[in-house]
>>> print(open('run38.cif').read())   # mmCIF, C-alpha atoms
data_work
#
loop_
_atom_site.group_PDB
_atom_site.id
_atom_site.type_symbol
_atom_site.label_atom_id
_atom_site.label_comp_id
_atom_site.auth_asym_id
_atom_site.auth_seq_id
_atom_site.Cartn_x
_atom_site.Cartn_y
_atom_site.Cartn_z
ATOM 1 C CA MET A 1 181.301 -90.111 2.365
ATOM 2 C CA ASN A 2 181.343 -87.048 0.113
ATOM 3 C CA ASN A 3 177.668 -87.507 -0.733
ATOM 4 C CA THR A 4 176.833 -87.736 2.962
ATOM 5 C CA LEU A 5 178.681 -84.494 3.677
ATOM 6 C CA ILE A 6 177.005 -82.735 0.769
ATOM 7 C CA HIS A 7 173.593 -83.975 1.912
ATOM 8 C CA TRP A 8 174.295 -82.803 5.481
ATOM 9 C CA TYR A 9 175.453 -79.409 4.198
ATOM 10 C CA GLU A 10 172.379 -78.979 1.998
ATOM 11 C CA ARG A 11 170.092 -79.843 4.900
ATOM 12 C CA ALA A 12 171.895 -77.334 7.136
ATOM 13 C CA VAL A 13 171.539 -74.631 4.475
ATOM 14 C CA ALA A 14 167.850 -75.434 4.050
ATOM 15 C CA GLN A 15 167.318 -75.070 7.801
ATOM 16 C CA CYS A 16 169.145 -71.732 7.804
ATOM 17 C CA LYS A 17 166.976 -70.470 4.951
ATOM 18 C CA ARG A 18 163.873 -71.176 7.018
ATOM 19 C CA LEU A 19 165.172 -68.613 9.506
ATOM 20 C CA ASP A 20 166.252 -65.984 6.964
ATOM 21 C CA PHE A 21 163.461 -63.663 8.113
ATOM 22 C CA LEU A 22 165.286 -63.249 11.431
ATOM 23 C CA ALA A 23 168.251 -61.643 9.674
ATOM 24 C CA LEU A 24 165.959 -59.116 7.986
ATOM 25 C CA LEU A 25 164.209 -58.426 11.292
ATOM 26 C CA ALA A 26 167.598 -57.875 12.946
ATOM 27 C CA ILE A 27 168.565 -55.338 10.273
ATOM 28 C CA ARG A 28 165.286 -53.484 10.740
ATOM 29 C CA LEU A 29 165.639 -53.436 14.518
ATOM 30 C CA TYR A 30 169.203 -52.154 14.183
ATOM 31 C CA LEU A 31 168.177 -49.352 11.822
ATOM 32 C CA ILE A 32 165.155 -48.134 13.812
ATOM 33 C CA PRO A 33 167.085 -46.203 16.515
ATOM 34 C CA VAL A 34 169.608 -44.964 13.942
ATOM 35 C CA ILE A 35 166.908 -43.431 11.751
ATOM 36 C CA TYR A 36 164.899 -42.275 14.769
ATOM 37 C CA VAL A 37 167.786 -40.202 16.135
ATOM 38 C CA GLY A 38 168.183 -38.411 12.808
ATOM 39 C CA ALA A 39 164.438 -37.908 12.392
ATOM 40 C CA HIS A 40 163.981 -36.656 15.960
ATOM 41 C CA SER A 41 166.824 -34.145 15.719
ATOM 42 C CA LYS A 42 165.507 -32.773 12.416
ATOM 43 C CA VAL A 43 161.913 -32.447 13.615
ATOM 44 C CA VAL A 44 162.675 -30.989 17.053
ATOM 45 C CA GLY A 45 165.465 -28.785 15.736
ATOM 46 C CA PHE A 46 163.908 -28.021 12.368
ATOM 47 C CA ALA A 47 164.975 -24.359 12.361
ATOM 48 C CA GLY A 48 168.543 -25.371 13.109
ATOM 49 C CA THR A 49 168.467 -27.963 10.321
ATOM 50 C CA VAL A 50 167.239 -25.337 7.858
ATOM 51 C CA ALA A 51 169.982 -22.965 8.975
ATOM 52 C CA TRP A 52 172.635 -25.699 8.606
ATOM 53 C CA PHE A 53 171.392 -26.684 5.146
ATOM 54 C CA GLY A 54 171.448 -23.080 3.940
ATOM 55 C CA ALA A 55 174.579 -21.745 5.635
ATOM 56 C CA PRO A 56 177.717 -21.356 3.491
ATOM 57 C CA ALA A 57 180.445 -23.976 3.758
ATOM 58 C CA SER A 58 182.780 -21.386 5.298
ATOM 59 C CA GLU A 59 180.421 -21.268 8.288
ATOM 60 C CA GLY A 60 180.122 -25.044 8.573
ATOM 61 C CA GLY A 61 176.907 -25.301 6.562
ATOM 62 C CA LEU A 62 175.989 -27.303 3.464
ATOM 63 C CA ASN A 63 175.205 -24.286 1.253
ATOM 64 C CA LEU A 64 172.142 -26.001 -0.247
ATOM 65 C CA PRO A 65 169.466 -24.218 -2.279
ATOM 66 C CA PHE A 66 165.888 -24.226 -0.937
ATOM 67 C CA PRO A 67 167.048 -25.244 2.558
ATOM 68 C CA THR A 68 163.535 -25.243 4.061
ATOM 69 C CA LEU A 69 162.170 -27.568 1.380
ATOM 70 C CA LEU A 70 165.160 -29.901 1.563
ATOM 71 C CA ALA A 71 165.073 -29.989 5.365
ATOM 72 C CA PHE A 72 161.370 -30.852 5.222
ATOM 73 C CA LEU A 73 161.996 -33.635 2.685
ATOM 74 C CA ALA A 74 164.900 -35.021 4.716
ATOM 75 C CA ALA A 75 162.910 -34.974 7.957
ATOM 76 C CA GLY A 76 159.839 -36.458 6.269
ATOM 77 C CA THR A 77 161.887 -39.239 4.687
ATOM 78 C CA GLU A 78 163.424 -40.190 8.016
ATOM 79 C CA VAL A 79 160.121 -40.059 9.920
ATOM 80 C CA LEU A 80 158.307 -42.206 7.348
ATOM 81 C CA GLY A 81 161.338 -44.439 6.943
ATOM 82 C CA CYS A 82 161.530 -45.071 10.685
ATOM 83 C CA ILE A 83 157.824 -45.928 10.923
ATOM 84 C CA CYS A 84 157.734 -48.108 7.816
ATOM 85 C CA ILE A 85 160.921 -50.009 8.605
ATOM 86 C CA ALA A 86 159.733 -50.593 12.168
ATOM 87 C CA LEU A 87 156.458 -52.051 10.892
ATOM 88 C CA GLY A 88 157.923 -53.752 7.852
ATOM 89 C CA LEU A 89 155.460 -51.764 5.763
ATOM 90 C CA PHE A 90 156.361 -50.783 2.173
ATOM 91 C CA THR A 91 159.886 -51.764 3.164
ATOM 92 C CA ARG A 92 161.359 -51.874 -0.330
ATOM 93 C CA ILE A 93 159.663 -48.623 -1.356
ATOM 94 C CA MET A 94 160.861 -46.713 1.712
ATOM 95 C CA ALA A 95 164.374 -48.119 1.391
ATOM 96 C CA ILE A 96 164.827 -46.172 -1.873
ATOM 97 C CA PRO A 97 164.502 -42.557 -0.568
ATOM 98 C CA THR A 98 166.312 -43.546 2.626
ATOM 99 C CA ILE A 99 169.226 -44.906 0.587
ATOM 100 C CA PHE A 100 169.220 -41.709 -1.458
ATOM 101 C CA LEU A 101 169.263 -39.591 1.709
ATOM 102 C CA MET A 102 172.113 -41.670 3.133
ATOM 103 C CA SER A 103 174.066 -41.318 -0.117
ATOM 104 C CA VAL A 104 173.658 -37.531 -0.142
ATOM 105 C CA ALA A 105 174.734 -37.332 3.499
ATOM 106 C CA SER A 106 177.798 -39.442 2.740
ATOM 107 C CA ALA A 107 178.758 -37.291 -0.224
ATOM 108 C CA MET A 108 178.176 -33.916 1.418
ATOM 109 C CA VAL A 109 179.035 -34.510 5.075
ATOM 110 C CA HIS A 110 181.152 -37.623 5.540
ATOM 111 C CA TRP A 111 183.187 -38.020 2.326
ATOM 112 C CA LYS A 112 185.670 -35.267 3.136
ATOM 113 C CA HIS A 113 186.537 -36.991 6.427
ATOM 114 C CA GLY A 114 187.539 -40.270 4.804
ATOM 115 C CA TRP A 115 186.389 -43.711 5.919
ATOM 116 C CA ASP A 116 186.848 -43.943 9.702
ATOM 117 C CA ALA A 117 183.915 -42.899 11.883
ATOM 118 C CA ILE A 118 186.162 -42.807 14.950
ATOM 119 C CA ALA A 119 189.542 -41.086 14.677
ATOM 120 C CA THR A 120 192.425 -43.582 14.664
ATOM 121 C CA GLY A 121 195.443 -43.318 16.915
ATOM 122 C CA SER A 122 197.596 -41.584 14.302
ATOM 123 C CA MET A 123 195.133 -38.788 13.505
ATOM 124 C CA GLU A 124 195.826 -35.287 14.766
ATOM 125 C CA ALA A 125 192.490 -35.133 16.595
ATOM 126 C CA THR A 126 193.334 -38.281 18.570
ATOM 127 C CA LEU A 127 196.838 -37.053 19.353
ATOM 128 C CA ARG A 128 195.394 -33.839 20.776
ATOM 129 C CA LEU A 129 192.808 -35.762 22.795
ATOM 130 C CA ASN A 130 195.483 -38.062 24.195
ATOM 131 C CA GLY A 131 197.578 -35.033 25.135
ATOM 132 C CA PHE A 132 194.638 -33.567 27.021
ATOM 133 C CA ILE A 133 193.938 -36.877 28.808
ATOM 134 C CA GLU A 134 197.585 -37.128 29.878
ATOM 135 C CA TRP A 135 197.469 -33.559 31.191
ATOM 136 C CA LEU A 136 194.232 -34.321 33.021
ATOM 137 C CA ALA A 137 195.716 -37.453 34.626
ATOM 138 C CA ALA A 138 198.751 -35.519 35.826
ATOM 139 C CA ASN A 139 196.928 -32.464 37.145
ATOM 140 C CA PHE A 140 193.434 -33.656 38.071
ATOM 141 C CA PRO A 141 193.592 -37.406 38.749
ATOM 142 C CA GLY A 142 190.152 -37.435 40.312
ATOM 143 C CA ARG A 143 188.509 -35.985 37.227
ATOM 144 C CA TYR A 144 190.619 -38.280 35.026
ATOM 145 C CA ASN A 145 189.350 -41.349 36.884
ATOM 146 C CA TYR A 146 185.776 -40.071 36.635
ATOM 147 C CA ILE A 147 186.030 -39.544 32.875
ATOM 148 C CA THR A 148 187.817 -42.795 32.054
ATOM 149 C CA GLU A 149 186.162 -45.253 34.454
ATOM 150 C CA LEU A 150 183.526 -46.278 31.893
ATOM 151 C CA GLY A 151 185.926 -46.547 28.959
ATOM 152 C CA ASP A 152 188.584 -44.727 26.987
ATOM 153 C CA PRO A 153 187.526 -41.371 25.477
ATOM 154 C CA VAL A 154 187.575 -41.291 21.686
ATOM 155 C CA MET A 155 187.407 -38.532 19.091
ATOM 156 C CA LEU A 156 184.711 -38.629 16.413
ATOM 157 C CA ASN A 157 186.138 -38.438 12.899
ATOM 158 C CA ASN A 158 182.715 -38.349 11.171
ATOM 159 C CA GLY A 159 183.899 -40.455 8.231
ATOM 160 C CA MET A 160 181.815 -42.632 5.925
ATOM 161 C CA GLU A 161 182.073 -45.881 7.889
ATOM 162 C CA PHE A 162 178.711 -45.768 9.670
ATOM 163 C CA ALA A 163 176.854 -44.227 6.727
ATOM 164 C CA ALA A 164 178.206 -46.925 4.387
ATOM 165 C CA THR A 165 177.145 -49.617 6.860
ATOM 166 C CA TYR A 166 173.603 -48.247 6.982
ATOM 167 C CA PHE A 167 173.607 -47.987 3.174
ATOM 168 C CA VAL A 168 174.437 -51.697 2.854
ATOM 169 C CA MET A 169 171.756 -52.651 5.380
ATOM 170 C CA LEU A 170 169.134 -50.596 3.539
ATOM 171 C CA LEU A 171 170.248 -52.183 0.278
ATOM 172 C CA VAL A 172 169.557 -55.612 1.777
ATOM 173 C CA LEU A 173 166.038 -54.464 2.719
ATOM 174 C CA LEU A 174 165.528 -53.097 -0.792
ATOM 175 C CA VAL A 175 166.469 -56.441 -2.335
ATOM 176 C CA TYR A 176 164.845 -58.838 0.150
ATOM 177 C CA GLY A 177 162.047 -56.796 1.733
ATOM 178 C CA GLY A 178 160.938 -56.803 5.365
ATOM 179 C CA GLY A 179 160.994 -60.567 5.780
ATOM 180 C CA ARG A 180 158.429 -63.287 6.301
ATOM 181 C CA TYR A 181 156.130 -63.390 9.342
ATOM 182 C CA VAL A 182 157.512 -60.270 11.063
ATOM 183 C CA SER A 183 156.530 -57.566 8.559
ATOM 184 C CA LEU A 184 153.199 -56.069 7.545
ATOM 185 C CA ASP A 185 154.311 -56.424 3.923
ATOM 186 C CA TYR A 186 154.232 -60.200 4.309
ATOM 187 C CA TRP A 187 150.707 -60.253 5.745
ATOM 188 C CA LEU A 188 149.388 -57.698 3.254
ATOM 189 C CA ALA A 189 150.744 -59.754 0.363
ATOM 190 C CA ARG A 190 149.208 -62.849 1.900
ATOM 191 C CA ALA A 191 145.836 -61.116 2.274
ATOM 192 C CA VAL A 192 145.853 -59.789 -1.298
ATOM 193 C CA THR A 193 147.149 -62.846 -3.129
ATOM 194 C CA GLY A 194 146.220 -65.599 -0.731
ATOM 195 C CA LYS A 195 149.869 -66.497 -0.408
ATOM 196 C CA ALA A 196 153.136 -64.657 0.276
ATOM 197 C CA GLY A 197 156.048 -64.259 -2.071
ATOM 198 C CA PRO A 198 159.634 -65.257 -1.240
ATOM 199 C CA GLN A 199 160.008 -62.427 1.273
ATOM 200 C CA ALA A 200 156.967 -60.260 0.608
ATOM 201 C CA ALA A 201 157.719 -56.808 -0.745
#
>>> encode(input="run38.cif", output="structure tokens")
Amino acid sequence: MNNTLIHWYERAVAQCKRLDFLALLAIRLYLIPVIYVGAHSKVVGFAGTVAWFGAPASEGGLNLPFPTLLAFLAAGTEVLGCICIALGLFTRIMAIPTIFLMSVASAMVHWKHGWDAIATGSMEATLRLNGFIEWLAANFPGRYNYITELGDPVMLNNGMEFAATYFVMLLVLLVYGGGRYVSLDYWLARAVTGKAGPQAA
């Protein structure tokens, strides 16, 4: 009986491994809009990004040296990262600078806000928001219904939660690559070597 169960389990695992490329594709598809939003905002609002990078912390900036150069590198990394991850091209290589960029953002922007991306119920920001919503419901019920009909309003805490999640996903791509069949890396490796590696770099 035990041998039968073990055999069944091993067969199930083997079948799952045949579909492992779908998990890597899912990670890439998830990351594409995330990286695109950051890249688009930096390119379209490049002057504002430079100003934010160079402004002192007392004015809400990052107080970074060479803000124009760093803004260009950040924007370039996100643009190339978005394209390469979408195509599954040089996936492992592009994961490295993207991970670095995510780590810097976490350290400089998100770390001071703690873990939560969305403010929890006990945080001062949420308490103030709830107070406003209660006032709105009592004084302007029509506007309250309009604002809340699609869901409860929340306050952004800007913590590390989302950045850490993206970091882990990029780490998976660094280790396993873009995946079989659905990445250009796989087909390039197949064209060069005549066969593809475990996941194709």
>>> residues_around(input="run38.cif", residues="A:Gly38", least_positions_apart="5", cutoff="10 Å", atoms="all atoms listed in the file", output="number ranges by chain")
A: 33, 43, 74-75, 78-79, 82
>>> atom_distance(input="run38.cif", atom1="atom CA of A:Gly54", atom2="atom CA of A:Pro67")
5.1 Å
>>> atom_distance(input="run38.cif", atom1="atom CA of A:Asn157", atom2="atom CA of A:Val109")
11.3 Å
>>> closest_residue(input="run38.cif", among="A:Gly60, A:Gly48, A:Gly159, A:Pro65", to="A:Trp111", atoms="only C-alpha atoms")
A:Gly159
>>> atom_distance(input="run38.cif", atom1="atom CA of A:Ile35", atom2="atom CA of A:Met94")
12.2 Å
>>> residues_around(input="run38.cif", residues="A:Ala164", least_positions_apart="2", cutoff="12 Å", atoms="all atoms listed in the file", output="PyMOL selection string")
chain A and resi 99-107+110-111+114-117+158-162+166-171
>>> closest_atom_pairs(input="run38.cif", of="stretch 30-144 of chain A", to="stretch 150-154 of chain A", cutoff="8 Å", atoms="all atoms listed in the file", output="CSV")
residue,atom,partner,partner_atom,distance
A:Ile118,CA,A:Val154,CA,7.0
A:Ala119,CA,A:Val154,CA,7.3
A:Thr126,CA,A:Val154,CA,7.2
A:Leu129,CA,A:Val154,CA,7.7
>>> write_last_selection(input="run38.cif", atoms="C-alpha atoms", output="PDB file, in the coordinates of the input")
ATOM      1  CA  ILE A 118     186.162 -42.807  14.950  1.00  0.00           C
ATOM      2  CA  ALA A 119     189.542 -41.086  14.677  1.00  0.00           C
ATOM      3  CA  THR A 126     193.334 -38.281  18.570  1.00  0.00           C
ATOM      4  CA  LEU A 129     192.808 -35.762  22.795  1.00  0.00           C
TER       5      LEU A 129
END
>>> closest_atom_pairs(input="run38.cif", of="stretch 87-167 of chain A", to="stretch 174-197 of chain A", cutoff="9 Å", atoms="all atoms listed in the file", output="tab-separated table")
residue	atom	partner	partner_atom	distance
A:Leu87	CA	A:Ser183	CA	6.0
A:Gly88	CA	A:Ser183	CA	4.1
A:Leu89	CA	A:Asp185	CA	5.1
A:Phe90	CA	A:Asp185	CA	6.3
A:Thr91	CA	A:Gly178	CA	5.6
A:Arg92	CA	A:Leu174	CA	4.4
A:Ile93	CA	A:Leu174	CA	7.4
A:Met94	CA	A:Leu174	CA	8.3
A:Ala95	CA	A:Leu174	CA	5.6
A:Ile96	CA	A:Leu174	CA	7.0
>>> residues_around(input="run38.cif", residues="A:Leu73", least_positions_apart="4", cutoff="12 Å", atoms="only C-alpha atoms", output="list in words")
Ala39, Lys42, Val43, Phe46, Thr49, Val50, Phe53, Phe66, Pro67, Thr68, Leu69, Thr77, Glu78, Val79, Leu80, Gly81, Pro97, Thr98, Phe100 and Leu101 of chain A
>>> write_last_selection(input="run38.cif", atoms="C-alpha atoms", output="PDB file, keeping the file's coordinate frame")
ATOM      1  CA  ALA A  39     164.438 -37.908  12.392  1.00  0.00           C
ATOM      2  CA  LYS A  42     165.507 -32.773  12.416  1.00  0.00           C
ATOM      3  CA  VAL A  43     161.913 -32.447  13.615  1.00  0.00           C
ATOM      4  CA  PHE A  46     163.908 -28.021  12.368  1.00  0.00           C
ATOM      5  CA  THR A  49     168.467 -27.963  10.321  1.00  0.00           C
ATOM      6  CA  VAL A  50     167.239 -25.337   7.858  1.00  0.00           C
ATOM      7  CA  PHE A  53     171.392 -26.684   5.146  1.00  0.00           C
ATOM      8  CA  PHE A  66     165.888 -24.226  -0.937  1.00  0.00           C
ATOM      9  CA  PRO A  67     167.048 -25.244   2.558  1.00  0.00           C
ATOM     10  CA  THR A  68     163.535 -25.243   4.061  1.00  0.00           C
ATOM     11  CA  LEU A  69     162.170 -27.568   1.380  1.00  0.00           C
ATOM     12  CA  THR A  77     161.887 -39.239   4.687  1.00  0.00           C
ATOM     13  CA  GLU A  78     163.424 -40.190   8.016  1.00  0.00           C
ATOM     14  CA  VAL A  79     160.121 -40.059   9.920  1.00  0.00           C
ATOM     15  CA  LEU A  80     158.307 -42.206   7.348  1.00  0.00           C
ATOM     16  CA  GLY A  81     161.338 -44.439   6.943  1.00  0.00           C
ATOM     17  CA  PRO A  97     164.502 -42.557  -0.568  1.00  0.00           C
ATOM     18  CA  THR A  98     166.312 -43.546   2.626  1.00  0.00           C
ATOM     19  CA  PHE A 100     169.220 -41.709  -1.458  1.00  0.00           C
ATOM     20  CA  LEU A 101     169.263 -39.591   1.709  1.00  0.00           C
TER      21      LEU A 101
END
>>> residues_near_point(input="run38.cif", point="(168.5, -55.5, 8.7)", cutoff="9 Å", atoms="all atoms listed in the file", output="list in words")
Leu22, Ala23, Leu24, Leu25, Ala26, Ile27, Arg28, Leu29, Tyr30, Leu31, Met169, Leu170, Val172, Leu173 and Gly178 of chain A
>>> decode(input="run38.cif", residues="stretch 76-87 of chain A", atoms="all heavy atoms", output="CSV table (one decimal), in the first residue's frame")
chain,number,residue,atom,x,y,z
A,76,GLY,N,16.2,53.3,-17.3
A,76,GLY,CA,16.7,52.3,-18.3
A,76,GLY,C,16.6,50.9,-17.8
A,76,GLY,O,16.2,50.0,-18.6
A,77,THR,N,16.9,50.7,-16.6
A,77,THR,CA,16.8,49.3,-16.0
A,77,THR,C,15.4,48.8,-16.1
A,77,THR,O,15.1,47.7,-16.5
A,77,THR,CB,17.3,49.3,-14.5
A,77,THR,OG1,18.7,49.6,-14.5
A,77,THR,CG2,17.1,47.9,-13.9
A,78,GLU,N,14.4,49.7,-15.7
A,78,GLU,CA,13.0,49.3,-15.7
A,78,GLU,C,12.5,49.1,-17.2
A,78,GLU,O,11.7,48.1,-17.4
A,78,GLU,CB,12.2,50.3,-15.0
A,78,GLU,CG,12.4,50.2,-13.5
A,78,GLU,CD,11.5,51.1,-12.7
A,78,GLU,OE1,10.9,52.0,-13.3
A,78,GLU,OE2,11.4,50.9,-11.4
A,79,VAL,N,12.9,49.9,-18.1
A,79,VAL,CA,12.4,49.8,-19.5
A,79,VAL,C,13.0,48.5,-20.1
A,79,VAL,O,12.2,47.7,-20.6
A,79,VAL,CB,12.9,51.0,-20.3
A,79,VAL,CG1,12.7,50.7,-21.8
A,79,VAL,CG2,12.1,52.2,-19.9
A,80,LEU,N,14.3,48.2,-19.9
A,80,LEU,CA,14.9,47.0,-20.4
A,80,LEU,C,14.3,45.8,-19.7
A,80,LEU,O,14.1,44.7,-20.3
A,80,LEU,CB,16.4,47.1,-20.3
A,80,LEU,CG,17.1,48.0,-21.3
A,80,LEU,CD1,18.6,48.0,-21.0
A,80,LEU,CD2,16.9,47.5,-22.7
A,81,GLY,N,14.2,45.9,-18.4
A,81,GLY,CA,13.7,44.8,-17.6
A,81,GLY,C,12.3,44.4,-18.0
A,81,GLY,O,12.0,43.2,-18.1
A,82,CYS,N,11.4,45.4,-18.3
A,82,CYS,CA,10.1,45.1,-18.7
A,82,CYS,C,10.0,44.4,-20.0
A,82,CYS,O,9.3,43.4,-20.2
A,82,CYS,CB,9.3,46.4,-18.8
A,82,CYS,SG,7.5,46.2,-19.1
A,83,ILE,N,10.9,44.9,-21.0
A,83,ILE,CA,10.9,44.3,-22.3
A,83,ILE,C,11.4,42.8,-22.3
A,83,ILE,O,10.9,41.9,-22.8
A,83,ILE,CB,11.7,45.1,-23.3
A,83,ILE,CG1,11.1,46.5,-23.5
A,83,ILE,CG2,12.0,44.4,-24.6
A,83,ILE,CD1,11.9,47.5,-24.3
A,84,CYS,N,12.6,42.7,-21.5
A,84,CYS,CA,13.2,41.4,-21.5
A,84,CYS,C,12.4,40.4,-20.7
A,84,CYS,O,12.3,39.2,-21.1
A,84,CYS,CB,14.6,41.5,-20.9
A,84,CYS,SG,15.8,42.4,-21.9
A,85,ILE,N,11.8,40.8,-19.6
A,85,ILE,CA,11.0,39.8,-18.9
A,85,ILE,C,9.7,39.5,-19.7
A,85,ILE,O,9.3,38.3,-19.6
A,85,ILE,CB,10.6,40.4,-17.5
A,85,ILE,CG1,11.9,40.4,-16.6
A,85,ILE,CG2,9.5,39.6,-16.8
A,85,ILE,CD1,11.7,41.1,-15.3
A,86,ALA,N,9.2,40.4,-20.4
A,86,ALA,CA,8.0,40.1,-21.2
A,86,ALA,C,8.3,39.1,-22.3
A,86,ALA,O,7.5,38.2,-22.6
A,86,ALA,CB,7.5,41.4,-21.9
A,87,LEU,N,9.5,39.2,-22.9
A,87,LEU,CA,9.9,38.3,-24.0
A,87,LEU,C,10.6,37.0,-23.4
A,87,LEU,O,10.8,36.1,-24.2
A,87,LEU,CB,10.9,39.0,-24.9
A,87,LEU,CG,10.3,40.2,-25.7
A,87,LEU,CD1,11.4,40.9,-26.5
A,87,LEU,CD2,9.1,39.8,-26.6
